[in-house]
Amino acid sequence: MDEQVKTNAGQGLGIAGLVLGILSVILAIMGCTFLIALVFGAVGVILSAVGLSQAKRSNGAKGINMGGLVVSIIGVLMALTITVFLGSFIKKANDGNYWWNKLEQFENVSEEIDKEIEKELGYEEDKMEDLEKKMEELEGEIKDTVKEEVEKAKKEADESIKKAEEELDKLKDEQ
């Protein structure tokens, strides 16, 4: 049996493709970096494919190249999925029947609610002012009534004192 010697042909490109593929997956997951992930993944696919081609021609190890190719393709697909999703989201947002307009409707509703609350508060303030006026009138009436009662009690007390003094004077005169 002839053992064929495996060479290192394409290994460097496979490692570079694998590293770029891993970076593209990580960047695609992170969110805002999906465009960079798309570029890294595409370059990783190209490097891994070239490395795999070199390994096939010169009987080199193909494992690292295949891994780099698979991971890079996954990174590209993830980045493309996010790109398409965000593109459709932005398109729907700009169509006019999406959440931007609904926010404006909420603003209009909130303005109407604010107006109603102000109107109700104004009505309540008017009621409070009327109530305060009535309370002041009652306080005035109570003060007047108390003054009258106090004066009446003073007069009665003065009359009682006068009567008592007259009786004392009578008793003094009799003695």
# chains A, B, ... in the order shown; residues from 1 in each chain; ligands from 1

call {"tool": "residues_around", "arguments": {"residues": "A:Asn59", "least_positions_apart": "6", "cutoff": "9 Å", "atoms": "only C-alpha atoms", "output": "list in words"}}
result
Gln4, Val5, Lys6, Thr7, Asn8 and Ala9 of chain A

call {"tool": "write_last_selection", "arguments": {"atoms": "N, CA and C atoms", "output": "mmCIF file, in the first residue's frame"}}
result
data_model
loop_
_atom_site.group_PDB
_atom_site.id
_atom_site.type_symbol
_atom_site.label_atom_id
_atom_site.label_comp_id
_atom_site.auth_asym_id
_atom_site.auth_seq_id
_atom_site.Cartn_x
_atom_site.Cartn_y
_atom_site.Cartn_z
ATOM 1 N N GLN A 4 0.114 8.070 1.068
ATOM 2 C CA GLN A 4 0.367 9.375 0.472
ATOM 3 C C GLN A 4 0.687 10.361 1.577
ATOM 4 N N VAL A 5 1.659 11.148 1.371
ATOM 5 C CA VAL A 5 2.101 12.118 2.357
ATOM 6 C C VAL A 5 1.202 13.340 2.267
ATOM 7 N N LYS A 6 0.713 13.734 3.439
ATOM 8 C CA LYS A 6 -0.141 14.933 3.494
ATOM 9 C C LYS A 6 0.756 16.156 3.609
ATOM 10 N N THR A 7 0.401 17.177 2.854
ATOM 11 C CA THR A 7 1.185 18.419 2.897
ATOM 12 C C THR A 7 0.418 19.484 3.650
ATOM 13 N N ASN A 8 1.096 20.557 3.877
ATOM 14 C CA ASN A 8 0.468 21.694 4.556
ATOM 15 C C ASN A 8 -0.086 22.709 3.575
ATOM 16 N N ALA A 9 -0.286 22.328 2.377
ATOM 17 C CA ALA A 9 -0.769 23.265 1.356
ATOM 18 C C ALA A 9 -2.178 23.744 1.721
#

call {"tool": "atom_distance", "arguments": {"atom1": "atom CA of A:Ile15", "atom2": "atom CA of A:Lys56"}}
result
15.9 Å

call {"tool": "residues_around", "arguments": {"residues": "A:Leu38", "least_positions_apart": "4", "cutoff": "8 Å", "atoms": "only C-alpha atoms", "output": "JSON, numbers by chain"}}
result
{"A": [24, 28, 34, 42, 75, 76, 79, 80]}

call {"tool": "atom_distance", "arguments": {"atom1": "atom CA of A:Ser53", "atom2": "atom CA of A:Ile22"}}
result
20.7 Å

call {"tool": "closest_residue", "arguments": {"among": "A:Gln54, A:Gln11, A:Thr81, A:Asn65", "to": "A:Ile29", "atoms": "only C-alpha atoms"}}
result
A:Thr81

call {"tool": "closest_residue", "arguments": {"among": "A:Ile64, A:Leu27, A:Ile46, A:Ile36", "to": "A:Gly12", "atoms": "only C-alpha atoms"}}
result
A:Ile64

call {"tool": "atom_distance", "arguments": {"atom1": "atom CA of A:Val70", "atom2": "atom CA of A:Gly44"}}
result
9.5 Å
